Amino acid sequence: MSAAGGLERAILKGAELGCTTVQLFTKSPNRWQERTLKASEIEMFRLARRDAGISPLIAHGGYLANLSSPDSVIRRKSVLSVCREMERCGLLGIDYLVIHPGCFMDSDESRGLARAAASIGRVLRESGGGGPQLVVETTAGQGTCLGRDPGRIARLFSLLPEWNIGLCIDSCHVFAAGNDIRTAAGYRAFFELVDGTTGLTRLKLFHLNDSRRECGSRIDRHAHIGKGMIGGEFFRRIMNDPRFREIPKIIETPKEGDMDRRNLALLRRLYAGREEDCPR
Ligand SMILES: [Zn+2]
């Protein structure tokens, strides 16, 4: 949800669409500039959330942070930015903060991963274990970006054994990264891979997006549900998979006209169980 015009707008819009969970940005994601929350803003947000019964609440970190940058200035700036994000989430009562592990640029993947672990460790120590649970999102692996492989994310987690970091699976990203999740066999194999690496217990969140680009393209372009290269069957499977019934599902499909409503309606239609059990 866009939080333009006040953070609580995201809650109200989510409630209007019949959502029980909402993801938002707590600041403009394309700028370094931080945002200091006023007491009145925090109170309005918490009230709106309580009235709408939204749980869990999810924030997505800014796009400029690069926690695994070989440039120590950028890395420090990124750590600071995620720390501020954690602070705002804590004030707003947000449950999960989604971050990307970053891009290793002109260095190499294993060094990038080590730097990501060091940065995340710093953020978590600074935050003193309070605030939201950090959740690392799978990526399409565009360029030098880390996070396209659940095995590597598991390695990142193993470098931070004292922290309970969650996993967010983005369907567009894992497909673009080369996991053909369109077929029953591909779906099964992918979740076996996750189960055998990070473990499914780490899984806290889904981003359900179709993909404009083909499997293995490593290009991250979201499409409307069922209208991209992944197609409807994957979404039918995930909506009906009893293992994922309680896992929040967020759409990040293009913001075009009434498409949020239509994408959500389609996902709910794909759910074949009792209506009262349908995830919202
Ligand atoms: Zn995503």
# chains A, B, ... in the order shown; residues from 1 in each chain; ligands from 1
$ residues_near_ligand --ligand "ligand 1" --cutoff "7 Å" --atoms "only C-alpha atoms and all ligand atoms" --output "list in words"
Glu137, Asp170, His207 and Glu252 of chain A
$ residues_around --residues "Cys89 (chain A)" --least-positions-apart "6" --cutoff "10 Å" --atoms "only C-alpha atoms" --output "list in words"
Phe25, Thr26, Leu57, Ile58, Ala59, Cys83, Asp95, Tyr96, Leu97, Gly130, Gly131, Pro132 and Gln133 of chain A
$ write_last_selection --atoms "N, CA and C atoms" --output "tab-separated table (two decimals), in the first residue's frame"
chain	number	residue	atom	x	y	z
A	25	PHE	N	5.56	1.37	3.16
A	25	PHE	CA	6.85	2.00	3.36
A	25	PHE	C	6.67	3.05	4.46
A	26	THR	N	7.66	3.15	5.35
A	26	THR	CA	7.52	4.16	6.40
A	26	THR	C	8.20	5.47	6.00
A	57	LEU	N	1.42	-6.52	10.47
A	57	LEU	CA	1.74	-5.32	9.69
A	57	LEU	C	3.19	-5.44	9.23
A	58	ILE	N	3.41	-5.09	7.98
A	58	ILE	CA	4.72	-5.31	7.37
A	58	ILE	C	5.23	-4.00	6.78
A	59	ALA	N	6.51	-3.70	6.99
A	59	ALA	CA	7.13	-2.56	6.31
A	59	ALA	C	8.18	-3.10	5.35
A	83	CYS	N	18.53	0.93	10.54
A	83	CYS	CA	18.31	1.17	11.98
A	83	CYS	C	17.16	2.15	12.20
A	95	ASP	N	5.15	-5.40	12.62
A	95	ASP	CA	5.63	-6.72	13.04
A	95	ASP	C	6.87	-7.19	12.28
A	96	TYR	N	6.91	-6.93	10.97
A	96	TYR	CA	8.03	-7.42	10.16
A	96	TYR	C	8.60	-6.28	9.32
A	97	LEU	N	9.94	-6.27	9.20
A	97	LEU	CA	10.58	-5.35	8.26
A	97	LEU	C	11.31	-6.18	7.20
A	130	GLY	N	14.65	-5.29	20.03
A	130	GLY	CA	13.27	-4.80	20.05
A	130	GLY	C	12.78	-4.55	18.63
A	131	GLY	N	11.61	-4.01	18.50
A	131	GLY	CA	11.10	-3.64	17.18
A	131	GLY	C	10.64	-4.85	16.38
A	132	PRO	N	10.57	-4.69	15.07
A	132	PRO	CA	10.00	-5.74	14.23
A	132	PRO	C	10.99	-6.89	14.03
A	133	GLN	N	10.48	-8.01	13.54
A	133	GLN	CA	11.37	-9.09	13.12
A	133	GLN	C	11.90	-8.75	11.73
$ residues_around --residues "Asn240 (chain A)" --least-positions-apart "3" --cutoff "7 Å" --atoms "only C-alpha atoms" --output "list of chain:residue names"
A:Arg236, A:Arg237, A:Tyr271, A:Ala272
$ write_last_selection --atoms "N, CA and C atoms" --output "PDB file, in the first residue's frame"
ATOM      1  N   ARG A 236      -2.881 -20.737  -7.637  1.00  0.00           N
ATOM      2  CA  ARG A 236      -3.892 -21.660  -7.109  1.00  0.00           C
ATOM      3  C   ARG A 236      -3.243 -22.593  -6.080  1.00  0.00           C
ATOM      4  N   ARG A 237      -2.079 -23.115  -6.437  1.00  0.00           N
ATOM      5  CA  ARG A 237      -1.394 -24.039  -5.518  1.00  0.00           C
ATOM      6  C   ARG A 237      -1.071 -23.357  -4.195  1.00  0.00           C
ATOM      7  N   TYR A 271      -8.746 -19.761  -4.226  1.00  0.00           N
ATOM      8  CA  TYR A 271      -8.805 -20.533  -2.996  1.00  0.00           C
ATOM      9  C   TYR A 271     -10.050 -21.419  -3.040  1.00  0.00           C
ATOM     10  N   ALA A 272      -9.840 -22.722  -2.854  1.00  0.00           N
ATOM     11  CA  ALA A 272     -10.945 -23.653  -3.092  1.00  0.00           C
ATOM     12  C   ALA A 272     -11.624 -24.120  -1.812  1.00  0.00           C
TER      13      ALA A 272
END
$ select_by_dssp --residues "region 126-178 of chain A" --states "strand (DSSP E or B)" --output "PyMOL selection string"
chain A and resi 133-137+145+166-170
$ write_last_selection --atoms "N, CA and C atoms" --output "mmCIF file, in the first residue's frame"
data_model
loop_
_atom_site.group_PDB
_atom_site.id
_atom_site.type_symbol
_atom_site.label_atom_id
_atom_site.label_comp_id
_atom_site.auth_asym_id
_atom_site.auth_seq_id
_atom_site.Cartn_x
_atom_site.Cartn_y
_atom_site.Cartn_z
ATOM 1 N N GLN A 133 10.475 -8.008 13.543
ATOM 2 C CA GLN A 133 11.373 -9.091 13.123
ATOM 3 C C GLN A 133 11.896 -8.751 11.735
ATOM 4 N N LEU A 134 13.209 -8.867 11.536
ATOM 5 C CA LEU A 134 13.784 -8.633 10.205
ATOM 6 C C LEU A 134 13.490 -9.842 9.330
ATOM 7 N N VAL A 135 13.129 -9.566 8.084
ATOM 8 C CA VAL A 135 12.796 -10.630 7.137
ATOM 9 C C VAL A 135 13.591 -10.356 5.865
ATOM 10 N N VAL A 136 14.358 -11.319 5.413
ATOM 11 C CA VAL A 136 15.160 -11.157 4.193
ATOM 12 C C VAL A 136 14.370 -11.707 3.010
ATOM 13 N N GLU A 137 14.294 -10.907 1.964
ATOM 14 C CA GLU A 137 13.508 -11.288 0.788
ATOM 15 C C GLU A 137 14.400 -11.942 -0.269
ATOM 16 N N CYS A 145 23.182 -8.683 -7.328
ATOM 17 C CA CYS A 145 22.349 -8.709 -6.119
ATOM 18 C C CYS A 145 22.291 -10.096 -5.496
ATOM 19 N N GLY A 166 13.736 -13.822 9.543
ATOM 20 C CA GLY A 166 12.728 -14.512 8.748
ATOM 21 C C GLY A 166 13.053 -14.469 7.254
ATOM 22 N N LEU A 167 12.276 -15.230 6.500
ATOM 23 C CA LEU A 167 12.427 -15.313 5.052
ATOM 24 C C LEU A 167 11.133 -14.849 4.391
ATOM 25 N N CYS A 168 11.274 -14.022 3.346
ATOM 26 C CA CYS A 168 10.138 -13.628 2.516
ATOM 27 C C CYS A 168 10.379 -14.197 1.124
ATOM 28 N N ILE A 169 9.421 -14.952 0.618
ATOM 29 C CA ILE A 169 9.547 -15.495 -0.737
ATOM 30 C C ILE A 169 8.696 -14.662 -1.683
ATOM 31 N N ASP A 170 9.349 -14.070 -2.683
ATOM 32 C CA ASP A 170 8.648 -13.324 -3.712
ATOM 33 C C ASP A 170 8.555 -14.217 -4.949
#
$ closest_residue --among "A:Arg50, A:Lys38, A:His173, A:Arg115" --to "Leu91 (chain A)" --atoms "only C-alpha atoms"
A:Lys38
$ closest_residue --among "A:Ala114, A:Ile42, A:Met1, A:Ala184" --to "Lys13 (chain A)" --atoms "only C-alpha atoms"
A:Met1
$ select_by_dssp --residues "region 21-102 of chain A" --states "alpha helix (DSSP H)" --output "PDB file with N, CA and C atoms, in the first residue's frame"
ATOM      1  N   ALA A  39       4.293  12.389  17.203  1.00  0.00           N
ATOM      2  CA  ALA A  39       3.500  11.587  18.150  1.00  0.00           C
ATOM      3  C   ALA A  39       2.070  11.413  17.637  1.00  0.00           C
ATOM      4  N   SER A  40       1.534  12.476  17.032  1.00  0.00           N
ATOM      5  CA  SER A  40       0.137  12.404  16.555  1.00  0.00           C
ATOM      6  C   SER A  40       0.009  11.403  15.407  1.00  0.00           C
ATOM      7  N   GLU A  41       1.047  11.360  14.561  1.00  0.00           N
ATOM      8  CA  GLU A  41       1.062  10.433  13.431  1.00  0.00           C
ATOM      9  C   GLU A  41       1.057   8.980  13.922  1.00  0.00           C
ATOM     10  N   ILE A  42       1.888   8.743  14.930  1.00  0.00           N
ATOM     11  CA  ILE A  42       2.007   7.398  15.490  1.00  0.00           C
ATOM     12  C   ILE A  42       0.669   6.971  16.086  1.00  0.00           C
ATOM     13  N   GLU A  43       0.059   7.891  16.808  1.00  0.00           N
ATOM     14  CA  GLU A  43      -1.193   7.549  17.462  1.00  0.00           C
ATOM     15  C   GLU A  43      -2.285   7.262  16.436  1.00  0.00           C
ATOM     16  N   MET A  44      -2.363   8.101  15.399  1.00  0.00           N
ATOM     17  CA  MET A  44      -3.385   7.898  14.361  1.00  0.00           C
ATOM     18  C   MET A  44      -3.189   6.560  13.662  1.00  0.00           C
ATOM     19  N   PHE A  45      -1.929   6.239  13.414  1.00  0.00           N
ATOM     20  CA  PHE A  45      -1.603   4.990  12.739  1.00  0.00           C
ATOM     21  C   PHE A  45      -2.016   3.795  13.599  1.00  0.00           C
ATOM     22  N   ARG A  46      -1.642   3.845  14.891  1.00  0.00           N
ATOM     23  CA  ARG A  46      -1.951   2.724  15.775  1.00  0.00           C
ATOM     24  C   ARG A  46      -3.463   2.542  15.946  1.00  0.00           C
ATOM     25  N   LEU A  47      -4.185   3.672  16.008  1.00  0.00           N
ATOM     26  CA  LEU A  47      -5.644   3.591  16.140  1.00  0.00           C
ATOM     27  C   LEU A  47      -6.271   2.984  14.894  1.00  0.00           C
ATOM     28  N   ALA A  48      -5.811   3.465  13.724  1.00  0.00           N
ATOM     29  CA  ALA A  48      -6.359   2.966  12.451  1.00  0.00           C
ATOM     30  C   ALA A  48      -6.106   1.467  12.341  1.00  0.00           C
ATOM     31  N   ARG A  49      -4.923   1.047  12.732  1.00  0.00           N
ATOM     32  CA  ARG A  49      -4.562  -0.363  12.669  1.00  0.00           C
ATOM     33  C   ARG A  49      -5.463  -1.190  13.596  1.00  0.00           C
ATOM     34  N   ARG A  50      -5.677  -0.682  14.802  1.00  0.00           N
ATOM     35  CA  ARG A  50      -6.497  -1.423  15.759  1.00  0.00           C
ATOM     36  C   ARG A  50      -7.942  -1.529  15.248  1.00  0.00           C
ATOM     37  N   ASP A  51      -8.461  -0.419  14.761  1.00  0.00           N
ATOM     38  CA  ASP A  51      -9.844  -0.415  14.271  1.00  0.00           C
ATOM     39  C   ASP A  51     -10.027  -1.345  13.084  1.00  0.00           C
ATOM     40  N   ALA A  52      -8.997  -1.404  12.211  1.00  0.00           N
ATOM     41  CA  ALA A  52      -9.112  -2.225  10.997  1.00  0.00           C
ATOM     42  C   ALA A  52      -8.753  -3.686  11.282  1.00  0.00           C
ATOM     43  N   SER A  72      32.548   1.212   2.134  1.00  0.00           N
ATOM     44  CA  SER A  72      32.200   1.261   3.562  1.00  0.00           C
ATOM     45  C   SER A  72      31.315   2.461   3.903  1.00  0.00           C
ATOM     46  N   VAL A  73      31.422   3.523   3.118  1.00  0.00           N
ATOM     47  CA  VAL A  73      30.575   4.701   3.381  1.00  0.00           C
ATOM     48  C   VAL A  73      29.112   4.367   3.090  1.00  0.00           C
ATOM     49  N   ILE A  74      28.901   3.751   1.926  1.00  0.00           N
ATOM     50  CA  ILE A  74      27.532   3.340   1.553  1.00  0.00           C
ATOM     51  C   ILE A  74      26.994   2.319   2.561  1.00  0.00           C
ATOM     52  N   ARG A  75      27.886   1.410   2.969  1.00  0.00           N
ATOM     53  CA  ARG A  75      27.450   0.354   3.883  1.00  0.00           C
ATOM     54  C   ARG A  75      27.009   0.952   5.220  1.00  0.00           C
ATOM     55  N   ARG A  76      27.799   1.894   5.711  1.00  0.00           N
ATOM     56  CA  ARG A  76      27.464   2.516   6.996  1.00  0.00           C
ATOM     57  C   ARG A  76      26.154   3.285   6.875  1.00  0.00           C
ATOM     58  N   LYS A  77      26.012   3.990   5.772  1.00  0.00           N
ATOM     59  CA  LYS A  77      24.787   4.750   5.508  1.00  0.00           C
ATOM     60  C   LYS A  77      23.568   3.806   5.470  1.00  0.00           C
ATOM     61  N   SER A  78      23.790   2.653   4.868  1.00  0.00           N
ATOM     62  CA  SER A  78      22.711   1.671   4.738  1.00  0.00           C
ATOM     63  C   SER A  78      22.327   1.094   6.096  1.00  0.00           C
ATOM     64  N   VAL A  79      23.331   0.770   6.900  1.00  0.00           N
ATOM     65  CA  VAL A  79      23.056   0.229   8.239  1.00  0.00           C
ATOM     66  C   VAL A  79      22.250   1.255   9.037  1.00  0.00           C
ATOM     67  N   LEU A  80      22.689   2.513   8.953  1.00  0.00           N
ATOM     68  CA  LEU A  80      22.016   3.578   9.687  1.00  0.00           C
ATOM     69  C   LEU A  80      20.561   3.716   9.230  1.00  0.00           C
ATOM     70  N   SER A  81      20.382   3.623   7.914  1.00  0.00           N
ATOM     71  CA  SER A  81      19.052   3.767   7.344  1.00  0.00           C
ATOM     72  C   SER A  81      18.131   2.633   7.806  1.00  0.00           C
ATOM     73  N   VAL A  82      18.653   1.406   7.839  1.00  0.00           N
ATOM     74  CA  VAL A  82      17.820   0.278   8.291  1.00  0.00           C
ATOM     75  C   VAL A  82      17.547   0.409   9.797  1.00  0.00           C
ATOM     76  N   CYS A  83      18.528   0.932  10.542  1.00  0.00           N
ATOM     77  CA  CYS A  83      18.307   1.168  11.984  1.00  0.00           C
ATOM     78  C   CYS A  83      17.156   2.150  12.196  1.00  0.00           C
ATOM     79  N   ARG A  84      17.146   3.203  11.400  1.00  0.00           N
ATOM     80  CA  ARG A  84      16.072   4.196  11.534  1.00  0.00           C
ATOM     81  C   ARG A  84      14.726   3.581  11.163  1.00  0.00           C
ATOM     82  N   GLU A  85      14.772   2.733  10.151  1.00  0.00           N
ATOM     83  CA  GLU A  85      13.572   2.009   9.714  1.00  0.00           C
ATOM     84  C   GLU A  85      13.040   1.137  10.873  1.00  0.00           C
ATOM     85  N   MET A  86      13.957   0.439  11.532  1.00  0.00           N
ATOM     86  CA  MET A  86      13.589  -0.419  12.670  1.00  0.00           C
ATOM     87  C   MET A  86      12.923   0.415  13.766  1.00  0.00           C
ATOM     88  N   GLU A  87      13.520   1.599  14.006  1.00  0.00           N
ATOM     89  CA  GLU A  87      12.988   2.495  15.028  1.00  0.00           C
ATOM     90  C   GLU A  87      11.554   2.896  14.709  1.00  0.00           C
ATOM     91  N   ARG A  88      11.345   3.323  13.445  1.00  0.00           N
ATOM     92  CA  ARG A  88       9.989   3.745  13.054  1.00  0.00           C
ATOM     93  C   ARG A  88       9.018   2.583  13.168  1.00  0.00           C
ATOM     94  N   CYS A  89       9.457   1.401  12.737  1.00  0.00           N
ATOM     95  CA  CYS A  89       8.592   0.216  12.827  1.00  0.00           C
ATOM     96  C   CYS A  89       8.216  -0.059  14.281  1.00  0.00           C
ATOM     97  N   GLY A  90       9.206   0.085  15.163  1.00  0.00           N
ATOM     98  CA  GLY A  90       8.945  -0.138  16.588  1.00  0.00           C
ATOM     99  C   GLY A  90       7.875   0.834  17.092  1.00  0.00           C
ATOM    100  N   LEU A  91       8.018   2.100  16.719  1.00  0.00           N
ATOM    101  CA  LEU A  91       7.064   3.120  17.176  1.00  0.00           C
ATOM    102  C   LEU A  91       5.661   2.854  16.630  1.00  0.00           C
ATOM    103  N   LEU A  92       5.612   2.337  15.409  1.00  0.00           N
ATOM    104  CA  LEU A  92       4.310   2.133  14.752  1.00  0.00           C
ATOM    105  C   LEU A  92       3.694   0.773  15.091  1.00  0.00           C
TER     106      LEU A  92
END
$ closest_residue --among "A:Arg269, A:Arg243, A:His224, A:Arg148" --to "Lys255 (chain A)" --atoms "only C-alpha atoms"
A:His224
$ closest_residue --among "A:Cys215, A:Met239, A:Ile54, A:Leu113" --to "Asn66 (chain A)" --atoms "only C-alpha atoms"
A:Leu113
$ atom_distance --atom1 "CA of Gly62 (chain A)" --atom2 "CA of Trp32 (chain A)"
7.9 Å
$ atom_distance --atom1 "CA of Asp180 (chain A)" --atom2 "CA of Lys227 (chain A)"
16.2 Å
$ atom_distance --atom1 "CA of Gly6 (chain A)" --atom2 "CA of Gly257 (chain A)"
20.6 Å
